[in-house]
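Below is protein.txt, which holds compact mmCIF, C-alpha atoms.
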# COMPACT_ATOMS: atom_id res chain seq x y z
CA MET M 1 135.34 102.09 114.03
CA PRO M 2 135.42 102.11 110.22
CA ASP M 3 132.99 104.38 108.43
CA ASP M 4 132.76 102.34 105.24
CA GLY M 5 130.04 100.00 106.50
CA THR M 6 132.40 97.06 107.12
CA VAL M 7 132.25 95.03 110.31
CA PRO M 8 135.09 95.82 112.74
CA GLU M 9 137.52 93.09 113.85
CA ASN M 10 135.76 92.73 117.21
CA GLY M 11 132.65 91.55 115.36
CA SER M 12 130.34 94.38 116.38
CA ALA M 13 128.40 96.03 113.58
CA PRO M 14 128.84 99.78 113.05
CA ALA M 15 126.11 102.02 114.36
CA PRO M 16 123.80 103.03 111.50
CA GLY M 17 123.98 106.62 110.33
CA PRO M 18 120.92 108.72 109.38
CA ASP M 19 121.16 107.62 105.76
CA ASP M 20 121.43 103.92 106.65
CA VAL M 21 117.99 103.62 108.26
CA LEU M 22 115.66 101.63 106.03
CA ARG M 23 112.51 103.45 107.11
CA PRO M 24 113.02 106.71 109.03
CA HIS M 25 110.22 107.91 111.28
CA ALA M 26 108.06 110.64 109.78
CA GLU M 27 109.59 113.32 112.03
CA GLN M 28 113.05 112.28 110.79
CA GLN M 29 112.24 111.97 107.10
CA TYR M 30 110.34 115.26 106.94
CA SER M 31 112.23 117.21 109.60
CA GLY M 32 113.01 119.98 107.12
CA GLU M 33 109.37 120.53 106.19
CA LEU M 34 108.27 120.44 109.83
CA ALA M 35 110.90 123.04 110.73
CA LEU M 36 109.83 125.32 107.86
CA LEU M 37 106.19 125.03 108.84
CA ALA M 38 107.02 125.90 112.46
CA GLU M 39 109.02 128.92 111.26
CA HIS M 40 106.13 130.30 109.17
CA ASP M 41 103.33 129.22 111.52
CA ASP M 42 101.90 132.31 113.23
CA ARG M 43 98.48 130.81 114.06
CA PRO M 44 97.26 129.78 117.52
CA ARG M 45 98.57 126.41 118.68
CA PRO M 46 96.69 124.19 121.13
CA PRO M 47 98.57 123.51 124.39
CA GLY M 48 101.44 121.09 123.86
CA TRP M 49 101.30 121.26 120.05
CA ARG M 50 104.37 122.06 117.97
CA LEU M 51 102.26 123.36 115.08
CA SER M 52 98.86 124.97 114.69
CA PRO M 53 95.97 122.90 113.31
CA TRP M 54 96.33 124.82 110.03
CA ALA M 55 100.03 123.89 109.77
CA VAL M 56 99.35 120.24 110.67
CA THR M 57 96.75 120.07 107.88
CA THR M 58 99.14 121.72 105.43
CA TYR M 59 101.82 119.21 106.39
CA LEU M 60 99.47 116.30 105.64
CA LEU M 61 97.85 117.61 102.47
CA GLY M 62 100.69 119.73 101.10
CA GLY M 63 100.68 123.36 100.06
CA GLY M 64 102.75 126.46 99.57
CA LEU M 65 104.44 128.61 102.23
CA PRO M 66 104.78 132.41 102.04
CA ASP M 67 108.42 132.10 100.90
CA GLY M 68 107.41 129.91 97.97
CA THR M 69 108.45 126.60 99.54
CA GLU M 70 106.19 123.70 98.63
CA ILE M 71 105.20 121.18 101.29
CA SER M 72 104.76 117.71 99.80
CA PRO M 73 101.42 115.94 100.35
CA LYS M 74 101.55 112.95 102.69
CA TYR M 75 97.89 111.99 102.30
CA ILE M 76 95.73 112.35 99.20
CA GLY M 77 92.06 112.52 100.09
CA PRO M 78 89.23 114.84 101.14
CA ARG M 79 90.51 117.97 102.89
CA ARG M 80 87.48 118.18 105.15
CA LEU M 81 88.15 114.70 106.46
CA VAL M 82 91.69 115.69 107.49
CA GLU M 83 90.42 118.91 109.06
CA VAL M 84 87.91 116.95 111.15
CA ALA M 85 90.66 114.59 112.33
CA VAL M 86 92.97 117.46 113.29
CA ALA M 87 90.16 119.42 114.99
CA THR M 88 89.27 116.33 117.03
CA LEU M 89 92.81 116.11 118.37
CA ALA M 90 92.66 119.79 119.37
CA THR M 91 89.85 118.89 121.80
CA ASP M 92 89.93 116.38 124.65
CA ARG M 93 88.58 113.61 122.41
CA ALA M 94 90.65 110.70 121.14
CA LEU M 95 90.64 109.93 117.41
CA LEU M 96 89.74 106.59 115.83
CA LEU M 97 90.77 106.18 112.19
CA LEU M 98 88.53 103.50 110.74
CA GLY M 99 88.63 101.94 107.30
CA VAL M 100 89.30 98.83 105.26
CA PRO M 101 92.90 97.61 105.11
CA GLY M 102 95.18 99.74 102.97
CA THR M 103 93.44 103.10 103.38
CA ALA M 104 96.49 104.81 104.97
CA LYS M 105 95.24 104.70 108.58
CA THR M 106 98.68 103.93 110.01
CA TRP M 107 100.32 106.39 107.62
CA MET M 108 98.02 109.20 108.70
CA SER M 109 98.33 108.43 112.42
CA GLU M 110 102.12 108.50 112.19
CA HIS M 111 102.20 111.83 110.36
CA LEU M 112 99.64 113.39 112.69
CA ALA M 113 101.75 112.40 115.70
CA ALA M 114 104.93 113.68 114.03
CA ALA M 115 103.38 117.07 113.23
CA ILE M 116 101.66 117.56 116.59
CA SER M 117 104.22 116.13 119.04
CA GLY M 118 107.37 115.76 116.98
CA ASP M 119 107.47 112.08 118.00
CA SER M 120 105.53 109.27 116.34
CA THR M 121 107.18 106.43 118.27
CA LEU M 122 104.87 106.24 121.30
CA LEU M 123 103.14 103.23 119.79
CA VAL M 124 101.17 100.23 121.04
CA GLN M 125 100.77 97.54 118.40
CA GLY M 126 97.49 95.70 118.83
CA THR M 127 97.52 91.93 118.40
CA ALA M 128 95.55 89.01 119.80
CA GLY M 129 98.32 88.64 122.39
CA THR M 130 98.69 92.29 123.46
CA PRO M 131 98.72 92.32 127.30
CA GLU M 132 97.16 94.98 129.50
CA GLU M 133 100.67 96.05 130.55
CA ALA M 134 101.27 97.38 127.02
CA VAL M 135 98.45 99.88 127.56
CA ARG M 136 98.91 100.68 131.27
CA TYR M 137 102.30 99.79 132.77
CA GLY M 138 104.43 96.81 133.71
CA TRP M 139 107.19 95.93 136.15
CA ASN M 140 110.88 95.16 136.05
CA TYR M 141 110.53 91.94 138.00
CA ALA M 142 114.16 91.80 139.11
CA ARG M 143 113.79 95.21 140.78
CA LEU M 144 110.30 94.35 142.00
CA LEU M 145 111.60 91.28 143.83
CA ALA M 146 114.60 93.16 145.19
CA GLU M 147 112.93 96.42 146.20
CA GLY M 148 109.20 95.86 146.11
CA PRO M 149 106.89 98.22 144.17
CA SER M 150 108.76 101.43 143.41
CA GLU M 151 109.13 104.06 140.72
CA ARG M 152 112.39 102.44 139.65
CA ALA M 153 110.68 99.08 139.19
CA LEU M 154 107.85 100.57 137.14
CA VAL M 155 108.02 100.05 133.36
CA GLU M 156 106.04 102.76 131.60
CA SER M 157 103.88 101.98 128.60
CA PRO M 158 103.94 104.31 125.58
CA LEU M 159 100.58 105.71 126.73
CA MET M 160 101.90 106.45 130.22
CA ARG M 161 104.89 108.28 128.72
CA ALA M 162 102.59 110.25 126.44
CA MET M 163 100.47 111.26 129.44
CA ARG M 164 103.51 112.37 131.46
CA HIS M 165 104.89 114.52 128.64
CA GLY M 166 101.68 115.76 126.99
CA MET M 167 102.18 113.99 123.66
CA VAL M 168 100.29 111.88 121.12
CA ALA M 169 100.15 108.13 121.72
CA ARG M 170 99.22 105.73 118.92
CA VAL M 171 97.34 102.44 119.19
CA GLU M 172 97.52 100.38 116.02
CA GLU M 173 94.90 97.75 115.13
CA LEU M 174 92.76 98.42 118.20
CA THR M 175 90.18 95.81 117.21
CA ARG M 176 92.81 93.06 117.22
CA MET M 177 93.39 93.52 120.94
CA PRO M 178 91.36 91.38 123.39
CA GLY M 179 88.24 93.07 124.74
CA ASP M 180 89.50 93.36 128.32
CA VAL M 181 92.70 95.05 127.09
CA GLN M 182 90.67 97.44 124.95
CA ASP M 183 88.56 98.38 127.95
CA SER M 184 91.63 99.33 129.97
CA LEU M 185 91.65 102.45 127.78
CA ILE M 186 88.26 103.65 129.04
CA THR M 187 89.38 105.25 132.32
CA LEU M 188 92.52 106.57 130.71
CA LEU M 189 90.54 108.35 127.96
CA SER M 190 87.65 109.59 130.08
CA GLU M 191 89.46 110.64 133.25
CA LYS M 192 92.84 111.44 131.61
CA THR M 193 94.34 109.69 134.61
CA LEU M 194 96.16 106.39 134.98
CA PRO M 195 95.97 104.98 138.55
CA VAL M 196 98.97 103.06 139.90
CA PRO M 197 97.46 101.44 143.02
CA GLU M 198 100.67 99.51 143.84
CA LEU M 199 102.38 102.86 144.52
CA ASN M 200 99.27 104.59 145.87
CA ALA M 201 99.76 107.10 143.06
CA GLU M 202 98.42 108.15 139.70
CA VAL M 203 99.68 109.74 136.50
CA GLN M 204 97.63 112.72 135.32
CA ALA M 205 97.85 113.60 131.65
CA ARG M 206 99.51 116.88 130.77
CA ARG M 207 97.93 119.18 128.23
CA GLY M 208 98.70 118.01 124.73
CA PHE M 209 98.08 114.34 125.52
CA THR M 210 95.77 112.49 123.16
CA VAL M 211 95.39 109.09 121.52
CA ILE M 212 95.11 108.15 117.86
CA ALA M 213 93.85 104.61 117.27
CA THR M 214 93.40 102.72 114.03
CA ALA M 215 91.01 99.86 113.35
CA ASN M 216 89.33 97.95 110.57
CA ASP M 217 86.44 95.53 110.51
CA ARG M 218 87.41 93.52 107.44
CA ASP M 219 90.23 91.30 108.70
CA ARG M 220 89.71 88.03 110.52
CA GLY M 221 90.27 88.03 114.24
CA VAL M 222 88.54 91.34 114.85
CA ASN M 223 87.24 92.08 118.36
CA GLU M 224 84.36 94.52 118.31
CA LEU M 225 84.78 97.69 120.35
CA SER M 226 82.44 98.09 123.28
CA SER M 227 79.97 100.95 123.10
CA ALA M 228 81.63 102.50 126.17
CA LEU M 229 84.99 102.60 124.41
CA ARG M 230 83.55 103.85 121.13
CA ARG M 231 82.04 106.82 122.95
CA ARG M 232 85.53 107.89 124.02
CA PHE M 233 86.60 108.27 120.39
CA ASN M 234 85.58 110.54 117.57
CA THR M 235 85.59 108.25 114.53
CA VAL M 236 86.84 109.32 111.11
CA VAL M 237 86.35 106.80 108.31
CA LEU M 238 89.14 106.84 105.74
CA PRO M 239 87.79 105.90 102.31
CA LEU M 240 89.49 104.17 99.43
CA PRO M 241 90.78 106.67 96.84
CA GLU M 242 87.81 108.23 95.12
CA SER M 243 89.13 108.27 91.57
CA GLU M 244 91.55 106.20 89.55
CA ALA M 245 93.72 109.29 89.01
CA ASP M 246 94.02 109.81 92.78
CA GLU M 247 94.99 106.19 93.36
CA VAL M 248 97.55 106.27 90.55
CA GLU M 249 99.09 109.40 92.08
CA ILE M 250 99.24 107.80 95.54
CA VAL M 251 100.89 104.65 94.20
CA ALA M 252 103.35 106.60 92.04
CA ARG M 253 104.40 108.84 94.94
CA ARG M 254 104.89 106.02 97.41
CA VAL M 255 106.73 103.84 94.89
CA ALA M 256 109.08 106.73 94.13
CA GLN M 257 109.75 107.24 97.86
CA LEU M 258 110.33 103.53 98.46
CA GLY M 259 112.53 103.30 95.37
CA ARG M 260 114.77 106.08 96.67
CA ALA M 261 114.94 104.50 100.13
CA LEU M 262 115.93 101.15 98.62
CA GLU M 263 118.27 102.86 96.13
CA LEU M 264 116.49 101.31 93.16
CA PRO M 265 117.14 102.93 89.79
CA GLU M 266 114.27 105.00 88.46
CA ALA M 267 112.26 102.98 85.97
CA PRO M 268 111.21 105.03 82.96
CA ALA M 269 107.74 104.59 81.47
CA GLY M 270 106.51 103.05 84.71
CA LEU M 271 103.34 105.13 84.92
CA GLU M 272 101.54 102.98 82.35
CA GLU M 273 102.12 99.82 84.39
CA ILE M 274 101.01 101.61 87.57
CA ARG M 275 97.75 102.55 85.81
CA ARG M 276 97.21 98.94 84.80
CA VAL M 277 97.78 97.64 88.33
CA VAL M 278 95.43 100.25 89.78
CA THR M 279 92.79 99.55 87.12
CA VAL M 280 92.88 95.79 87.81
CA PHE M 281 92.60 96.32 91.56
CA ARG M 282 89.79 98.87 91.31
CA GLU M 283 87.72 96.78 88.89
CA LEU M 284 88.05 93.60 90.92
CA ARG M 285 87.29 95.47 94.15
CA ALA M 286 84.17 97.03 92.65
CA GLY M 287 83.03 93.90 90.83
CA LEU M 288 82.56 96.02 87.70
CA THR M 289 84.72 97.17 84.81
CA GLY M 290 85.60 100.83 84.57
CA ASP M 291 83.17 101.41 81.70
CA GLY M 292 80.34 99.86 83.74
CA ARG M 293 79.52 97.27 81.06
CA THR M 294 80.77 94.03 82.60
CA LYS M 295 80.01 92.69 86.04
CA LEU M 296 82.84 90.80 87.71
CA LYS M 297 83.32 88.45 90.63
CA SER M 298 85.44 89.90 93.43
CA PRO M 299 88.25 87.88 95.03
CA SER M 300 88.59 87.28 98.77
CA GLY M 301 91.46 89.74 99.24
CA THR M 302 91.13 93.49 99.83
CA LEU M 303 93.27 94.58 96.84
CA SER M 304 94.11 97.78 98.66
CA THR M 305 96.21 100.71 97.55
CA ALA M 306 98.96 99.48 99.87
CA GLU M 307 99.01 96.15 98.00
CA ALA M 308 99.21 97.99 94.68
CA ILE M 309 102.25 99.88 96.00
CA SER M 310 103.85 96.57 97.00
CA VAL M 311 103.20 95.03 93.57
CA VAL M 312 104.72 97.97 91.71
CA THR M 313 107.72 98.23 94.05
CA SER M 314 108.48 94.53 93.54
CA GLY M 315 108.13 95.02 89.81
CA LEU M 316 110.55 97.94 89.98
CA ALA M 317 113.12 95.71 91.70
CA LEU M 318 112.67 93.03 89.03
CA ALA M 319 113.12 95.58 86.24
CA ALA M 320 116.20 97.06 87.89
CA HIS M 321 118.00 93.83 88.76
CA PHE M 322 116.80 91.30 86.19
CA GLY M 323 115.57 93.43 83.28
CA ASP M 324 116.62 96.42 81.25
CA GLY M 325 115.56 98.95 83.89
CA VAL M 326 112.23 99.71 82.21
CA LEU M 327 109.13 98.68 84.17
CA ARG M 328 107.10 96.39 81.91
CA ALA M 329 104.09 94.09 82.14
CA PRO M 330 106.08 90.92 83.04
CA ASP M 331 107.58 92.76 86.03
CA VAL M 332 104.20 93.37 87.66
CA ALA M 333 102.27 90.32 86.44
CA GLY M 334 103.54 87.93 89.10
CA GLY M 335 102.82 90.39 91.90
CA ILE M 336 99.28 91.00 90.67
CA VAL M 337 98.50 87.29 90.47
CA GLY M 338 99.89 86.79 93.98
CA ALA M 339 97.78 89.66 95.34
CA VAL M 340 94.55 88.53 93.67
CA VAL M 341 94.80 84.77 94.19
CA GLN M 342 94.79 84.54 98.00
CA ASP M 343 92.49 81.52 98.07
CA PRO M 344 93.78 79.05 95.43
CA ALA M 345 90.36 77.45 94.98
CA SER M 346 87.96 80.38 94.58
CA ASP M 347 90.24 83.28 93.68
CA ARG M 348 91.93 81.46 90.82
CA VAL M 349 88.56 81.07 89.10
CA VAL M 350 87.83 84.79 89.61
CA TRP M 351 91.22 85.76 88.19
CA GLN M 352 91.01 83.47 85.14
CA GLU M 353 87.55 84.76 84.35
CA TYR M 354 88.73 88.39 84.56
CA LEU M 355 91.78 87.62 82.47
CA GLU M 356 89.81 85.96 79.67
CA THR M 357 86.71 88.18 79.59
CA VAL M 358 88.26 91.60 80.25
CA VAL M 359 92.03 91.75 79.86
CA ARG M 360 92.20 89.69 76.66
CA ASP M 361 89.74 92.01 74.88
CA ARG M 362 91.74 95.19 75.53
CA PRO M 363 93.96 95.70 72.46
CA ASP M 364 96.58 97.79 74.25
CA TRP M 365 96.83 95.21 77.05
CA ALA M 366 98.09 92.33 74.88
CA ASP M 367 101.53 92.28 76.54
CA PHE M 368 99.93 92.35 79.97
CA TYR M 369 97.59 89.49 79.03
CA ARG M 370 100.49 87.35 77.81
CA ALA M 371 102.57 88.06 80.93
CA CYS M 372 99.69 87.18 83.26
CA ARG M 373 98.94 83.99 81.32
CA GLU M 374 102.55 82.87 81.70
CA VAL M 375 102.59 83.28 85.51
CA SER M 376 99.03 81.94 85.95
Would you mind writing the file out in structure tokens?
Amino acid sequence: MPDDGTVPENGSAPAPGPDDVLRPHAEQQYSGELALLAEHDDRPRPPGWRLSPWAVTTYLLGGGLPDGTEISPKYIGPRRLVEVAVATLATDRALLLLGVPGTAKTWMSEHLAAAISGDSTLLVQGTAGTPEEAVRYGWNYARLLAEGPSERALVESPLMRAMRHGMVARVEELTRMPGDVQDSLITLLSEKTLPVPELNAEVQARRGFTVIATANDRDRGVNELSSALRRRFNTVVLPLPESEADEVEIVARRVAQLGRALELPEAPAGLEEIRRVVTVFRELRAGLTGDGRTKLKSPSGTLSTAEAISVVTSGLALAAHFGDGVLRAPDVAGGIVGAVVQDPASDRVVWQEYLETVVRDRPDWADFYRACREVS
């Protein structure tokens, strides 16, 4: 098989190498940091954990090791909030990460699972069509018809595998799942046992098993959690970045990581455009300009940090492939308008009003104003 990325004569594509994966799992991308932390980690570790709670927190928030090695921050936010989340997982309680869209709930759950279990892939994605089998177990129906109920015919869910091996399971967008599917978690979380009545058996969770779920209550199609299920979780609310500087740092870091993964050339002088994108999003989210002088109407969208990252990354691609390589206002203007104007009727009025009453009056934003006017 050729190693130059070409397709062999038989038509089968070459197997991707480690550097060909578009988005490595956290435990793959940061394997070096996780190994260094394990090497220097001399603190008590809960049963089944690969790192101590202190090392897991250092992995998420960044910090220095005794040999001078710096661990990069994966999450920028209140330290106490991360400590509460990690401490919850060290008990027998499940963790619910709650927040508006774009507050890094999925990002944090993935990195927590990678640091604790070394595997972030035991994942159930919640949707309106998620069946109960995705949470409990299913069947290989060909084997079921041929052999009847048997271990070989059983198809384990990610949660069942996590229970068997004492690992972290993740449930994304819990509130998007139907109520009856949500409630199938109750026995699993309270009894730490998953009955399999067809086999007259049960799976008991090994030490180290826990669940991290994420949810938000802003999107349409949300199914409220029952009080019985909420009691099985310790809830940690992830806030939007507290300051503009924090949000700019988050966006800049993630854009740099995505740019390297996509092999985009580094765009010089991009920090100024990142600040502008973040400022626009924060002001429209808050309904108030940064100086507190002008009240604004807020659009229907969330204008999250994740959307800001997407806008800047798209702008970086435009600058690299269709510009001079320098990230400028025209490169991000189209993305901003697309993010703000979700509802063409109401949001367009909000955006035009912001553009004419705020952006136009900022002398150092003249190029940004012109670029936004052209795409609006």
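Across M:Gln29, M:Gly99, M:Gly259, M:Ala115, the tightest approach to Ala55 in chain M is made by M:Ala115 when counting only C-alpha atoms.
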Report task. Kindly indicate which residue among M:Gln352, M:His25, M:Thr193, M:Ile76 lies nearest to Ala245 in chain M, using all atoms listed in the file for the distances. Result -> M:Ile76
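Of note, CA of Ala213 in chain M and CA of Leu225 in chain M are spaced 11.8 Å apart.
Minimum distance to Arg254 in chain M across M:Glu307, M:Glu132, M:Glu273, M:Asp67 (counting all atoms listed in the file) occurs at M:Glu307.
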Requested in this report: Extract, using only C-alpha atoms, all DNA, RNA and protein residues at most 6 Å from range 139-143 of chain M, discarding same-chain residues fewer than 5 positions from it, and format them as JSON, numbers by chain.
Outcome: {"M": [153, 154, 155]}
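Look at Val359 in chain M: the protein and nucleic acid residues within 8 Å of it, using all atoms listed in the file and passing over chain neighbours fewer than 6 places away, are M:Trp365, M:Ala366, M:Phe368, M:Tyr369.
You will find CA of Leu36 in chain M at 26.5 Å from CA of Arg206 in chain M.
The spacing separating CA of Ser72 in chain M from CA of Thr305 in chain M amounts to 19.2 Å.
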Query raised in the report: Got a sec: who's within 9 Å of range 102-109 of chain M, counting all atoms listed in the file, leaving out chain neighbours fewer than 5 positions off, as a PyMOL selection string?
Result: chain M and resi 60+74-75+97+114+120+170+172-173+212-215+238-241+302-307
Query raised in the report: Looking at M:Ser184, M:Ser226, M:Ser117, M:Ser376, which one is nearest to Ala162 in chain M, with distances taken over all atoms listed in the file?
Result: M:Ser117
Query - Which residue of M:Glu27, M:Glu263, M:Asp92, M:Glu39 approaches Thr210 in chain M most closely, using all atoms listed in the file - result: M:Asp92
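Once Thr289 in chain M and its same-chain neighbours fewer than 4 positions away are set aside, M:Thr279, M:Val280, M:Arg282, M:Glu283, M:Leu284, M:Arg285, M:Arg293, M:Thr294, M:Lys295, M:Leu296, M:Tyr354, M:Val358 remain within 10 Å of it when counting only C-alpha atoms.
Minimum distance to Gln182 in chain M across M:Ala146, M:Met167, M:Val375, M:Ala134 (counting only C-alpha atoms) occurs at M:Ala134.
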For Val341 in chain M, please output as a CSV table (one decimal) with C-alpha atoms, keeping the file's coordinate frame all residues within 8 Å (counting all atoms listed in the file; exclusion window: fewer than 3 positions along the same chain).
chain,number,residue,atom,x,y,z
M,299,PRO,CA,88.2,87.9,95.0
M,301,GLY,CA,91.5,89.7,99.2
M,337,VAL,CA,98.5,87.3,90.5
M,338,GLY,CA,99.9,86.8,94.0
M,344,PRO,CA,93.8,79.0,95.4
M,347,ASP,CA,90.2,83.3,93.7
M,348,ARG,CA,91.9,81.5,90.8
M,351,TRP,CA,91.2,85.8,88.2
